[in-house]
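Below is one structure, written out as structure tokens, with a few remarks after it.
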Amino acid sequence: MIFKLFKKDKVEVEEYEELDLSEYEAEISDEGVTYIKVAEVTGINEIPEIRRQIYNGNIVIADIAFIKHDKWIYERVLKDLRQLAMDVKGDIVGLGEDYIIVTPTGIKVDRVKIRGSKSLENR
């Protein structure tokens with residue numbers, strides 16, 4: 001009985017069918033790909049492009065260092081970015097003092113930092 005399980009039958013070449021993989025390869029595209037974009041915010045003029053990137057499903061890291069000295073522009077940009085994150089049910093979080101991360105729908109930023117455990121440090 002065991003010998004029947006391991007018995008190898010010869011397979012004729014005619015039994016194989018060649019598949020055309022080009023139809024499957026055509027399905028692979030950049031659709032559904034999420035990019036991380038970096039925006040240098042120098043005023044409210046960059047907000048429409050950031051908005052477009054978020055609506056396209058990309059993550060935007062906005063460098064706000066240039067507008068921190070102008071309180072009115074700084075507050076307006078932050079307000080617009082917060083509203084954008086709320087509109088798409090995404091997320092917004094500060095990264096240090098000079099960067100803001102805005103994410104699209106379905107992507108949240110974990111506020112807990114990743115740290116090594118003591119058991120890993122001893123290795």
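Following the order of the structure tokens, chains are lettered A, B, ..., residues in each are numbered from 1, and ligands are numbered from 1.
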
Could you go through range 46-76 of chain A and tell me which residues DSSP, when run on the backbone, assigns to alpha helix (DSSP H), listing them as a ChimeraX atom specification? /A:47-55,71-76

Compare A:Ile67, A:Val60, A:Val33, A:Ile114 by their minimum atom-to-atom distance to Ala85 in chain A, counting only C-alpha atoms, and give me the closest one.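 Of all the options, A:Val60 lies closest to Ala85 in chain A.
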
Nearest to Lys108 in chain A among A:Val77, A:Asp87, A:Glu49, A:Ile59, with distances taken over only C-alpha atoms: which residue is it?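 Of the candidates, the smallest distance to Lys108 in chain A is held by A:Ile59.
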
What lies within 9 Å of Ala65 in chain A using only C-alpha atoms, ignoring chain neighbours under 6 positions off, as a VMD selection string? chain A and resid 40 to 42 97 to 99

Written selection (C-alpha atoms) as a tab-separated table (two decimals), in the first residue's frame:
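New file result33.tsv:
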```tsv
chain	number	residue	atom	x	y	z
A	40	GLU	CA	7.80	72.12	1.35
A	41	VAL	CA	5.12	74.50	2.60
A	42	THR	CA	6.01	78.15	2.09
A	97	GLU	CA	8.60	70.82	15.31
A	98	ASP	CA	9.01	71.20	11.56
A	99	TYR	CA	6.97	68.40	9.98
```

Work out how far CA of Gly43 in chain A is from CA of Val109 in chain A, in Å to one decimal.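 A separation of 24.8 Å between them.
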
Shell of 12 Å around Gln53 in chain A, only C-alpha atoms, local chain residues under 2 positions omitted, as a short mmCIF file (atom, residue, chain, number, x, y, z; two decimals) with C-alpha atoms, in the first residue's frame:
```
data_model
loop_
_atom_site.label_atom_id
_atom_site.label_comp_id
_atom_site.auth_asym_id
_atom_site.auth_seq_id
_atom_site.Cartn_x
_atom_site.Cartn_y
_atom_site.Cartn_z
CA THR A 34 0.51 54.53 -1.89
CA TYR A 35 3.40 56.96 -2.17
CA ILE A 36 4.97 59.05 0.57
CA LYS A 37 5.28 62.59 -0.78
CA VAL A 38 7.25 65.42 0.80
CA ALA A 39 5.90 68.95 0.52
CA GLU A 46 0.84 74.48 -1.57
CA ILE A 47 -2.42 73.37 0.08
CA PRO A 48 -4.27 72.48 -3.18
CA GLU A 49 -1.44 70.16 -4.29
CA ILE A 50 -1.28 68.53 -0.84
CA ARG A 51 -5.05 68.09 -1.00
CA TYR A 55 -7.27 62.49 -2.33
CA ASN A 56 -5.13 60.32 -4.63
CA GLY A 57 -4.34 58.11 -1.63
CA ASN A 58 -0.78 59.28 -0.96
CA ILE A 59 0.78 60.16 2.39
CA VAL A 60 2.20 63.69 2.65
CA ILE A 61 4.99 64.82 4.94
CA ALA A 62 4.74 68.61 5.01
CA LEU A 84 -8.39 67.79 5.02
CA ALA A 85 -7.57 64.87 7.33
CA VAL A 88 -10.97 61.99 4.07
CA VAL A 102 -1.16 63.83 6.68
CA THR A 103 -2.56 60.45 5.69
CA PRO A 104 -5.45 59.46 3.43
CA THR A 105 -8.43 57.23 4.19
#
```

Measure the distance from CA of Ile44 in chain A to CA of Arg76 in chain A in Å and round it to one decimal.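 For CA of Ile44 in chain A relative to CA of Arg76 in chain A, the distance reads 7.6 Å.
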
Kindly give the distance, in Å, that separates CA of Val93 in chain A and CA of Arg111 in chain A, rounded to a single decimal.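 Computed distance, CA of Val93 in chain A to CA of Arg111 in chain A, equals 8.3 Å.
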